[in-house]
>>> print(open('run29.txt').read())   # compact mmCIF, C-alpha atoms and all ligand atoms
# COMPACT_ATOMS: atom_id res chain seq x y z
CA MET W 1 -11.14 -7.96 -2.99
CA PRO W 2 -12.41 -9.73 -6.05
CA GLY W 3 -14.11 -8.00 -8.91
CA THR W 4 -15.32 -4.51 -9.00
CA GLN W 5 -15.87 -4.25 -5.30
CA PHE W 6 -12.20 -4.66 -4.69
CA ARG W 7 -11.17 -2.26 -7.33
CA THR W 8 -13.51 0.45 -6.19
CA THR W 9 -12.17 0.47 -2.67
CA THR W 10 -8.43 0.08 -2.72
CA ARG W 11 -7.29 1.15 0.70
CA HIS W 12 -4.33 3.42 0.21
CA MET W 13 -5.45 5.23 -2.86
CA LEU W 14 -8.99 6.02 -1.80
CA ARG W 15 -9.74 6.92 -5.38
CA GLU W 16 -13.05 7.62 -6.99
CA SER W 17 -14.60 4.33 -8.00
CA LYS W 18 -15.33 5.17 -11.62
CA THR W 19 -11.80 6.36 -12.25
CA TYR W 20 -10.36 3.30 -10.63
CA ALA W 21 -12.62 0.86 -12.43
CA SER W 22 -11.83 2.43 -15.79
CA GLN W 23 -8.11 1.96 -15.17
CA THR W 24 -8.38 -1.68 -14.23
CA LEU W 25 -8.34 -4.69 -16.50
CA MET W 26 -8.60 -7.63 -14.14
CA GLY W 27 -9.25 -8.58 -10.59
CA GLY W 28 -9.53 -11.31 -8.03
CA LEU W 29 -7.14 -14.22 -8.03
CA SER W 30 -7.60 -15.57 -11.52
CA GLY W 31 -4.68 -17.49 -12.90
CA PHE W 32 -3.27 -18.83 -9.66
CA GLU W 33 -3.50 -22.36 -8.41
CA SER W 34 -3.39 -22.76 -4.66
CA PRO W 35 -0.91 -25.16 -3.12
CA ILE W 36 -2.67 -28.32 -2.10
CA GLY W 37 -1.72 -30.91 0.44
CA LEU W 38 0.19 -28.51 2.69
CA ASP W 39 -0.59 -28.91 6.35
CA ARG W 40 -0.42 -26.00 8.77
CA ARG W 41 3.22 -26.58 9.64
CA ASP W 42 4.29 -26.83 5.99
CA ARG W 43 2.50 -23.61 5.27
CA ILE W 44 4.26 -21.76 8.06
CA VAL W 45 7.64 -22.97 6.84
CA ALA W 46 6.80 -22.06 3.23
CA LEU W 47 5.52 -18.65 4.31
CA LYS W 48 8.71 -17.92 6.21
CA SER W 49 10.91 -18.90 3.30
CA GLY W 50 8.73 -17.05 0.80
CA ASP W 51 7.92 -20.21 -1.17
CA ILE W 52 4.27 -19.23 -0.80
CA GLY W 53 2.53 -15.95 -0.10
CA PHE W 54 -0.99 -15.27 1.09
CA VAL W 55 -2.59 -13.05 -1.53
CA HIS W 56 -5.93 -11.30 -1.42
CA SER W 57 -6.09 -10.47 -5.13
CA TRP W 58 -4.21 -8.90 -8.00
CA ASP W 59 -4.92 -6.81 -11.05
CA ILE W 60 -3.43 -4.88 -13.93
CA ASN W 61 -3.96 -1.12 -13.76
CA THR W 62 -2.57 2.04 -15.19
CA SER W 63 -1.22 5.07 -13.35
CA VAL W 64 -2.65 4.08 -9.99
CA ASP W 65 -0.12 2.18 -7.91
CA GLY W 66 3.04 3.64 -9.40
CA PRO W 67 4.17 4.73 -12.87
CA GLY W 68 3.00 3.10 -16.11
CA THR W 69 0.95 -0.06 -16.42
CA ARG W 70 1.31 -2.18 -13.32
CA MET W 71 0.50 -5.53 -11.89
CA THR W 72 -0.64 -4.77 -8.35
CA VAL W 73 -0.69 -7.65 -5.89
CA PHE W 74 -2.71 -7.15 -2.71
CA MET W 75 -1.22 -9.23 0.08
CA SER W 76 -3.31 -10.49 2.98
CA GLY W 77 -2.65 -9.49 6.56
CA CYS W 78 -2.24 -6.12 8.26
CA PRO W 79 -1.15 -5.27 11.81
CA LEU W 80 -2.82 -1.84 11.77
CA ARG W 81 -6.52 -1.02 12.14
CA CYS W 82 -6.94 2.34 10.45
CA GLN W 83 -10.24 4.02 11.12
CA TYR W 84 -10.57 4.83 7.42
CA CYS W 85 -9.47 1.42 6.09
CA GLN W 86 -11.15 0.68 2.77
CA ASN W 87 -10.37 -3.02 2.84
CA PRO W 88 -10.85 -4.60 6.26
CA ASP W 89 -11.19 -7.92 4.41
CA THR W 90 -7.39 -7.88 3.98
CA TRP W 91 -6.64 -7.67 7.71
CA LYS W 92 -6.29 -11.39 8.38
CA MET W 93 -3.60 -13.26 6.51
CA ARG W 94 -5.50 -16.51 6.74
CA ASP W 95 -8.34 -15.01 4.70
CA GLY W 96 -6.00 -14.75 1.72
CA LYS W 97 -5.18 -17.48 -0.76
CA PRO W 98 -1.78 -19.18 -0.68
CA VAL W 99 0.04 -18.68 -3.97
CA TYR W 100 3.30 -20.29 -5.06
CA LEU W 101 6.30 -18.02 -5.53
CA ASP W 102 6.99 -19.52 -8.95
CA ALA W 103 3.44 -18.83 -10.08
CA MET W 104 3.77 -15.19 -9.10
CA ILE W 105 7.13 -14.84 -10.84
CA SER W 106 5.69 -16.44 -13.99
CA LYS W 107 2.92 -13.88 -13.94
CA VAL W 108 5.45 -11.04 -13.83
CA ASP W 109 7.37 -12.68 -16.66
CA ARG W 110 4.21 -12.89 -18.73
CA TYR W 111 3.67 -9.14 -18.54
CA LYS W 112 7.27 -7.96 -18.57
CA GLU W 113 7.19 -6.61 -22.14
CA LEU W 114 4.04 -4.63 -21.33
CA PHE W 115 5.73 -3.20 -18.25
CA LYS W 116 8.81 -2.21 -20.21
CA ALA W 117 6.77 -0.61 -22.99
CA THR W 118 4.74 1.48 -20.54
CA HIS W 119 7.51 2.13 -18.00
CA GLY W 120 5.39 0.22 -15.52
CA GLY W 121 6.13 -2.79 -13.33
CA ILE W 122 4.98 -4.71 -10.30
CA THR W 123 3.55 -3.21 -7.11
CA PHE W 124 2.98 -5.05 -3.85
CA SER W 125 0.19 -3.56 -1.79
CA GLY W 126 -2.21 -4.96 0.80
CA GLY W 127 -3.20 -5.38 3.54
CA GLU W 128 0.37 -4.71 4.55
CA SER W 129 2.91 -5.75 1.95
CA MET W 130 5.72 -5.90 4.53
CA MET W 131 3.98 -8.61 6.52
CA GLN W 132 5.32 -11.27 4.11
CA PRO W 133 8.82 -9.96 3.45
CA ALA W 134 10.38 -13.17 2.11
CA PHE W 135 7.75 -13.69 -0.60
CA VAL W 136 7.63 -10.04 -1.64
CA SER W 137 11.38 -9.57 -1.73
CA ARG W 138 11.96 -12.78 -3.69
CA VAL W 139 9.43 -11.70 -6.32
CA PHE W 140 11.11 -8.29 -6.43
CA ARG W 141 14.51 -9.91 -6.90
CA ALA W 142 13.17 -11.94 -9.82
CA ALA W 143 11.51 -8.84 -11.27
CA LYS W 144 14.77 -6.88 -11.12
CA GLU W 145 16.53 -9.74 -12.89
CA MET W 146 13.94 -9.35 -15.67
CA GLY W 147 14.50 -5.58 -15.75
CA VAL W 148 11.02 -4.87 -14.33
CA HIS W 149 10.35 -1.80 -12.14
CA THR W 150 9.35 -2.61 -8.54
CA CYS W 151 7.19 -0.65 -6.13
CA LEU W 152 6.28 -1.34 -2.50
CA ASP W 153 3.06 0.18 -1.17
CA THR W 154 3.28 0.19 2.63
CA SER W 155 2.71 1.96 5.92
CA GLY W 156 6.29 1.17 6.91
CA PHE W 157 4.98 -0.03 10.27
CA LEU W 158 6.89 -3.32 9.90
CA ASN W 159 10.18 -1.58 9.16
CA THR W 160 12.24 -4.16 11.00
CA ASN W 161 10.80 -6.98 8.84
CA TYR W 162 12.87 -5.68 5.93
CA THR W 163 16.63 -6.20 5.74
CA ASP W 164 18.87 -3.72 3.93
CA GLU W 165 19.43 -6.39 1.30
CA MET W 166 15.69 -6.58 0.67
CA LEU W 167 15.61 -2.81 0.19
CA ASP W 168 18.03 -3.14 -2.73
CA ASP W 169 15.33 -4.49 -5.05
CA ILE W 170 12.78 -1.70 -4.39
CA ASP W 171 12.75 1.07 -6.99
CA LEU W 172 9.91 3.12 -5.51
CA CYS W 173 7.98 3.12 -2.24
CA LEU W 174 4.45 4.43 -1.84
CA LEU W 175 4.75 5.30 1.84
CA ASP W 176 1.70 6.12 3.95
CA VAL W 177 2.51 8.75 6.54
CA LYS W 178 -0.80 8.53 8.29
CA SER W 179 -0.16 11.27 10.84
CA GLY W 180 2.65 13.39 12.23
CA ASP W 181 2.74 12.65 15.96
CA GLU W 182 2.47 9.47 17.97
CA GLU W 183 -0.81 10.32 19.65
CA THR W 184 -2.69 11.11 16.45
CA TYR W 185 -1.07 8.21 14.62
CA HIS W 186 -2.20 5.83 17.33
CA LYS W 187 -5.71 7.23 17.25
CA VAL W 188 -5.89 6.82 13.47
CA THR W 189 -4.23 3.39 13.17
CA GLY W 190 -3.87 1.73 16.58
CA GLY W 191 -0.11 1.53 15.89
CA THR W 192 3.03 3.63 16.39
CA LEU W 193 4.53 6.22 14.04
CA GLN W 194 8.27 5.80 14.59
CA PRO W 195 8.68 2.69 12.38
CA THR W 196 7.29 4.63 9.40
CA ILE W 197 9.80 7.41 10.00
CA ASP W 198 12.62 4.90 10.37
CA PHE W 199 11.62 3.08 7.19
CA GLY W 200 11.39 6.31 5.18
CA ARG W 201 14.86 7.34 6.33
CA ARG W 202 16.31 3.95 5.45
CA LEU W 203 14.79 4.19 1.98
CA ALA W 204 16.23 7.68 1.58
CA ARG W 205 19.68 6.57 2.71
CA ALA W 206 19.51 3.70 0.23
CA GLY W 207 18.77 6.16 -2.59
CA LYS W 208 15.19 4.96 -3.17
CA LYS W 209 12.31 7.12 -4.41
CA ILE W 210 9.27 7.76 -2.23
CA TRP W 211 5.75 8.92 -3.04
CA VAL W 212 4.16 9.87 0.28
CA ARG W 213 0.45 9.29 0.85
CA PHE W 214 -1.50 11.24 3.44
CA VAL W 215 -5.21 10.61 3.97
CA LEU W 216 -7.05 13.77 4.92
CA VAL W 217 -9.94 13.17 7.30
CA PRO W 218 -11.69 16.24 8.75
CA GLY W 219 -11.50 16.24 12.52
CA LEU W 220 -9.04 13.34 12.58
CA THR W 221 -5.90 14.14 10.56
CA ASP W 222 -6.52 17.71 9.41
CA ALA W 223 -5.12 19.75 12.33
CA GLU W 224 -2.56 22.28 11.10
CA GLU W 225 -0.01 20.98 13.57
CA ASN W 226 -0.52 17.39 12.43
CA VAL W 227 -0.04 18.33 8.78
CA GLU W 228 2.99 20.41 9.73
CA ASN W 229 4.49 17.42 11.52
CA VAL W 230 3.85 15.15 8.52
CA ALA W 231 5.61 17.73 6.32
CA ARG W 232 8.60 17.79 8.69
CA ILE W 233 8.81 14.00 8.62
CA CYS W 234 8.78 14.11 4.82
CA GLU W 235 11.54 16.74 4.90
CA SER W 236 13.64 14.32 6.89
CA PHE W 237 13.48 11.95 3.89
CA GLY W 238 15.31 14.63 1.83
CA ASP W 239 15.34 14.36 -1.96
CA ALA W 240 13.84 10.88 -1.85
CA VAL W 241 10.30 12.33 -1.81
CA GLU W 242 9.13 12.94 -5.38
CA HIS W 243 5.67 14.13 -4.39
CA ILE W 244 2.96 13.91 -1.74
CA ASP W 245 -0.51 12.56 -2.53
CA VAL W 246 -3.17 14.19 -0.37
CA LEU W 247 -6.05 11.72 -0.49
CA GLY W 248 -9.42 12.99 0.62
CA PHE W 249 -11.38 10.59 2.80
CA HIS W 250 -14.54 9.13 1.26
CA GLN W 251 -17.06 6.51 2.22
CA LEU W 252 -16.56 3.90 -0.52
CA GLY W 253 -15.23 1.41 2.01
CA ARG W 254 -18.20 1.59 4.39
CA PRO W 255 -20.13 -1.39 2.92
CA LYS W 256 -17.26 -3.75 3.74
CA TRP W 257 -17.28 -2.78 7.42
CA HIS W 258 -21.01 -3.45 7.43
CA GLU W 259 -20.68 -6.78 5.60
CA MET W 260 -18.03 -7.90 8.06
CA ARG W 261 -20.06 -6.63 11.00
CA ILE W 262 -17.20 -4.57 12.38
CA PRO W 263 -18.20 -1.35 14.16
CA TYR W 264 -17.21 1.40 11.74
CA PRO W 265 -15.79 4.42 13.57
CA LEU W 266 -16.26 6.81 10.65
CA GLU W 267 -19.87 5.89 9.94
CA HIS W 268 -21.00 9.50 9.61
CA GLN W 269 -17.69 11.07 8.64
CA LYS W 270 -17.67 13.48 5.71
CA GLY W 271 -14.84 13.99 3.24
CA PRO W 272 -12.75 17.18 3.23
CA SER W 273 -14.11 20.36 1.67
CA ALA W 274 -12.28 21.91 -1.28
CA ALA W 275 -11.13 24.69 1.05
CA LEU W 276 -9.62 22.23 3.53
CA LYS W 277 -7.88 20.29 0.78
CA LYS W 278 -6.46 23.58 -0.55
CA ARG W 279 -5.17 24.58 2.88
CA VAL W 280 -3.44 21.25 3.42
CA THR W 281 -2.01 21.22 -0.10
CA GLU W 282 -0.61 24.71 0.43
CA GLN W 283 0.87 23.67 3.76
CA PHE W 284 2.84 20.89 2.08
CA GLU W 285 3.76 23.15 -0.83
CA SER W 286 5.13 25.74 1.58
CA HIS W 287 7.66 23.08 2.55
CA GLY W 288 8.70 22.81 -1.09
CA PHE W 289 6.83 19.59 -1.94
CA VAL W 290 5.00 18.80 -5.14
CA VAL W 291 1.46 17.83 -4.09
CA TYR W 292 -1.15 15.82 -6.03
S1 LIG W 301 -2.60 -0.04 6.82
FE1 LIG W 301 -3.97 -1.83 7.11
S2 LIG W 301 -5.68 -1.05 8.34
FE2 LIG W 301 -4.56 0.72 7.51
S3 LIG W 301 -5.64 1.26 5.62
FE3 LIG W 301 -4.00 -0.13 5.08
S4 LIG W 301 -4.90 -2.20 5.10
FE4 LIG W 301 -6.29 -0.86 6.19
>>> encode(input="run29.txt", output="structure tokens")
Amino acid sequence: MPGTQFRTTTRHMLRESKTYASQTLMGGLSGFESPIGLDRRDRIVALKSGDIGFVHSWDINTSVDGPGTRMTVFMSGCPLRCQYCQNPDTWKMRDGKPVYLDAMISKVDRYKELFKATHGGITFSGGESMMQPAFVSRVFRAAKEMGVHTCLDTSGFLNTNYTDEMLDDIDLCLLDVKSGDEETYHKVTGGTLQPTIDFGRRLARAGKKIWVRFVLVPGLTDAEENVENVARICESFGDAVEHIDVLGFHQLGRPKWHEMRIPYPLEHQKGPSAALKKRVTEQFESHGFVVY
């Protein structure tokens, strides 16, 4: 999502564009050379080993995708099709740009002093960051060796893609719990909920920290029972959950659906009222969670 368009419509955060733009220093895929001369088979092998990753874009931001100043890398490819997706241009891996592992690690190295000074680090987002586990986990391993904080932004849907060993190098997970029961989850995303629950529990068992994200869409995810079920799922992660972000739906992503000529299911959807946001916040708080 190069340039300002990308930064105004990051999918998981659903933040106000001006806020996001003011926190962002760079965008696109500047600074990376693509591998050349790789045929299709070579690329598949390199993708599997993590020698290359397909990247949509990256940037440096502050207090958006984890603590401190962060390098956020948006990976290409996503198996879900969320009705409220802000970045449908990340859905297909082949639409991303192949980037060498070494180039990505060098980029982390270049900013490591900044990360340490601001208690920031590297975040992998997407698309779905767990779709390219070898690349992401090898960059995380290198980051940990440099003493850099690591954060995985994910739906957890590809839980089984991640080995326990790969989990070791994650400091924090921004975990989207998109709904609280299978039926609603499927309606919202086209996928299944259980892998997210399983991934959250694995993170908790491994002693990792979780920031839960829940996107509040009136008429889609706002039912009291749905919110209650999300809260119960979060409870099952125990002390791992540091807070829950309740993100109000907005329409900043609509132009991309139009540009890509994909029928947009939330064409006329409104964001939540202040009263609805208050009700949902209080529901989570009644379970003892800190809510932002
Ligand atoms: S999980 Fe995939 S489809 Fe859903 S919001 Fe994120 S990028 Fe879009």
>>> atom_distance(input="run29.txt", atom1="atom CA of W:His250", atom2="atom CA of W:Gly180")
20.8 Å
>>> residues_near_ligand(input="run29.txt", ligand="ligand LIG 301 (chain W)", cutoff="9 Å", atoms="all atoms listed in the file", output="VMD selection string")
chain W and resid 10 to 12 76 to 91 125 to 128 154 to 157 176 178 188 to 190
>>> closest_residue(input="run29.txt", among="W:Phe54, W:Phe249, W:Phe214, W:Phe284", to="W:Asp95", atoms="only C-alpha atoms")
W:Phe54
>>> closest_residue(input="run29.txt", among="W:Asp198, W:Glu228, W:Glu182, W:Asp245", to="W:Val215", atoms="only C-alpha atoms")
W:Asp245
>>> closest_residue(input="run29.txt", among="W:Leu158, W:Met166, W:Leu174, W:Ile105", to="W:Ala142", atoms="all atoms listed in the file")
W:Ile105
>>> closest_residue(input="run29.txt", among="W:Arg202, W:His243, W:Arg110, W:Arg41", to="W:Asn159", atoms="only C-alpha atoms")
W:Arg202
>>> atom_distance(input="run29.txt", atom1="atom CA of W:Ile210", atom2="atom CA of W:Ala240")
5.5 Å
>>> residues_around(input="run29.txt", residues="W:Ala274", least_positions_apart="3", cutoff="12 Å", atoms="all atoms listed in the file", output="list in words")
Leu216, Pro218, Val246, Leu247, Gly248, Gly271, Lys277, Lys278, Arg279, Val280 and Thr281 of chain W
>>> closest_residue(input="run29.txt", among="W:His56, W:Arg94, W:Arg254, W:Arg70", to="W:Glu267", atoms="only C-alpha atoms")
W:Arg254
>>> atom_distance(input="run29.txt", atom1="atom CA of W:Lys92", atom2="atom CA of W:Asp168")
28.0 Å
>>> closest_residue(input="run29.txt", among="W:Gln251, W:Ser236, W:Thr196, W:Ser63", to="W:Thr118", atoms="all atoms listed in the file")
W:Ser63
>>> residues_near_point(input="run29.txt", point="(8.7, -11.6, 4.1)", cutoff="10 Å", atoms="only C-alpha atoms", output="ChimeraX atom specification")
/W:47-50,53,129-138,161-163,166
>>> axis_aligned_box(input="run29.txt", around="stretch 149-168 of chain W", padding_each_side="4 Å", output="lines of an AutoDock Vina configuration file")
center_x = 11.1
center_y = -2.5
center_z = -0.6
size_x = 24.7
size_y = 16.9
size_z = 31.1
>>> residues_around(input="run29.txt", residues="stretch 184-187 of chain W", least_positions_apart="6", cutoff="8 Å", atoms="only C-alpha atoms", output="VMD selection string")
chain W and resid 178 193 220 to 221 226
>>> decode(input="run29.txt", residues="stretch 90-194 of chain W", atoms="C-alpha atoms", output="CSV table (one decimal), in the first residue's frame")
chain,number,residue,atom,x,y,z
W,90,THR,CA,-2.7,-7.4,0.2
W,91,TRP,CA,-4.9,-10.5,-0.3
W,92,LYS,CA,-2.8,-12.1,-3.1
W,93,MET,CA,0.8,-13.0,-2.3
W,94,ARG,CA,1.8,-12.7,-5.9
W,95,ASP,CA,0.9,-9.0,-5.9
W,96,GLY,CA,3.6,-8.4,-3.4
W,97,LYS,CA,7.3,-7.8,-4.1
W,98,PRO,CA,9.9,-10.5,-3.4
W,99,VAL,CA,12.4,-9.2,-0.9
W,100,TYR,CA,15.6,-11.0,0.2
W,101,LEU,CA,15.8,-12.1,3.8
W,102,ASP,CA,19.3,-10.5,4.2
W,103,ALA,CA,17.9,-7.2,2.9
W,104,MET,CA,15.2,-7.2,5.5
W,105,ILE,CA,17.6,-8.1,8.3
W,106,SER,CA,19.9,-5.3,7.2
W,107,LYS,CA,17.0,-2.9,7.4
W,108,VAL,CA,16.3,-3.9,11.0
W,109,ASP,CA,20.0,-3.6,11.8
W,110,ARG,CA,20.0,-0.1,10.4
W,111,TYR,CA,17.3,1.1,12.8
W,112,LYS,CA,18.2,-1.0,15.8
W,113,GLU,CA,19.6,1.9,17.8
W,114,LEU,CA,16.4,3.9,17.2
W,115,PHE,CA,14.3,0.9,18.3
W,116,LYS,CA,16.3,0.5,21.5
W,117,ALA,CA,16.1,4.2,22.3
W,118,THR,CA,12.3,4.3,21.9
W,119,HIS,CA,11.6,0.8,23.2
W,120,GLY,CA,10.3,0.0,19.8
W,121,GLY,CA,11.1,-2.7,17.3
W,122,ILE,CA,9.9,-4.6,14.3
W,123,THR,CA,6.3,-5.6,13.6
W,124,PHE,CA,5.1,-8.0,10.9
W,125,SER,CA,1.6,-7.3,9.7
W,126,GLY,CA,-0.2,-7.9,6.4
W,127,GLY,CA,-2.1,-9.3,4.7
W,128,GLU,CA,-1.6,-12.2,7.0
W,129,SER,CA,1.9,-12.2,8.6
W,130,MET,CA,1.6,-16.0,9.4
W,131,MET,CA,1.3,-16.9,5.7
W,132,GLN,CA,5.1,-16.7,5.3
W,133,PRO,CA,6.3,-18.2,8.5
W,134,ALA,CA,9.8,-19.1,7.5
W,135,PHE,CA,10.7,-15.5,6.4
W,136,VAL,CA,9.0,-13.8,9.3
W,137,SER,CA,10.4,-16.1,11.9
W,138,ARG,CA,14.0,-15.9,10.5
W,139,VAL,CA,13.8,-12.1,10.6
W,140,PHE,CA,12.5,-12.3,14.2
W,141,ARG,CA,15.3,-14.6,15.1
W,142,ALA,CA,17.9,-12.1,13.7
W,143,ALA,CA,16.1,-9.2,15.5
W,144,LYS,CA,16.2,-11.0,18.8
W,145,GLU,CA,19.9,-11.6,18.3
W,146,MET,CA,20.3,-7.8,17.9
W,147,GLY,CA,18.2,-7.2,21.0
W,148,VAL,CA,15.3,-5.8,19.0
W,149,HIS,CA,11.7,-6.1,20.2
W,150,THR,CA,9.4,-8.2,18.0
W,151,CYS,CA,5.7,-8.1,17.4
W,152,LEU,CA,3.4,-10.2,15.2
W,153,ASP,CA,0.2,-8.7,14.0
W,154,THR,CA,-2.1,-11.5,13.0
W,155,SER,CA,-5.6,-13.1,12.9
W,156,GLY,CA,-4.1,-16.3,14.2
W,157,PHE,CA,-6.0,-18.2,11.5
W,158,LEU,CA,-2.9,-19.9,10.3
W,159,ASN,CA,-2.0,-21.2,13.8
W,160,THR,CA,-0.6,-24.5,12.6
W,161,ASN,CA,1.9,-22.7,10.3
W,162,TYR,CA,3.8,-21.6,13.4
W,163,THR,CA,6.0,-24.1,15.3
W,164,ASP,CA,6.6,-23.7,19.0
W,165,GLU,CA,10.2,-22.8,18.2
W,166,MET,CA,9.0,-19.9,16.0
W,167,LEU,CA,6.9,-18.6,18.9
W,168,ASP,CA,10.0,-18.2,21.0
W,169,ASP,CA,11.1,-15.1,19.1
W,170,ILE,CA,7.8,-13.2,19.4
W,171,ASP,CA,7.7,-10.7,22.2
W,172,LEU,CA,4.2,-9.4,21.6
W,173,CYS,CA,1.2,-10.5,19.4
W,174,LEU,CA,-1.4,-8.1,18.2
W,175,LEU,CA,-4.2,-10.7,17.9
W,176,ASP,CA,-7.4,-10.0,16.0
W,177,VAL,CA,-10.3,-11.8,17.6
W,178,LYS,CA,-12.8,-10.9,15.0
W,179,SER,CA,-15.8,-12.5,16.6
W,180,GLY,CA,-16.8,-14.8,19.4
W,181,ASP,CA,-18.6,-17.7,17.8
W,182,GLU,CA,-18.0,-19.7,14.7
W,183,GLU,CA,-21.1,-18.5,12.8
W,184,THR,CA,-20.4,-14.8,13.2
W,185,TYR,CA,-16.7,-15.3,12.6
W,186,HIS,CA,-17.4,-17.1,9.4
W,187,LYS,CA,-19.9,-14.4,8.3
W,188,VAL,CA,-17.3,-11.6,9.1
W,189,THR,CA,-14.2,-13.3,7.6
W,190,GLY,CA,-15.1,-16.4,5.6
W,191,GLY,CA,-12.9,-18.4,7.9
W,192,THR,CA,-13.1,-20.4,11.2
W,193,LEU,CA,-12.5,-19.1,14.7
W,194,GLN,CA,-10.9,-22.0,16.5
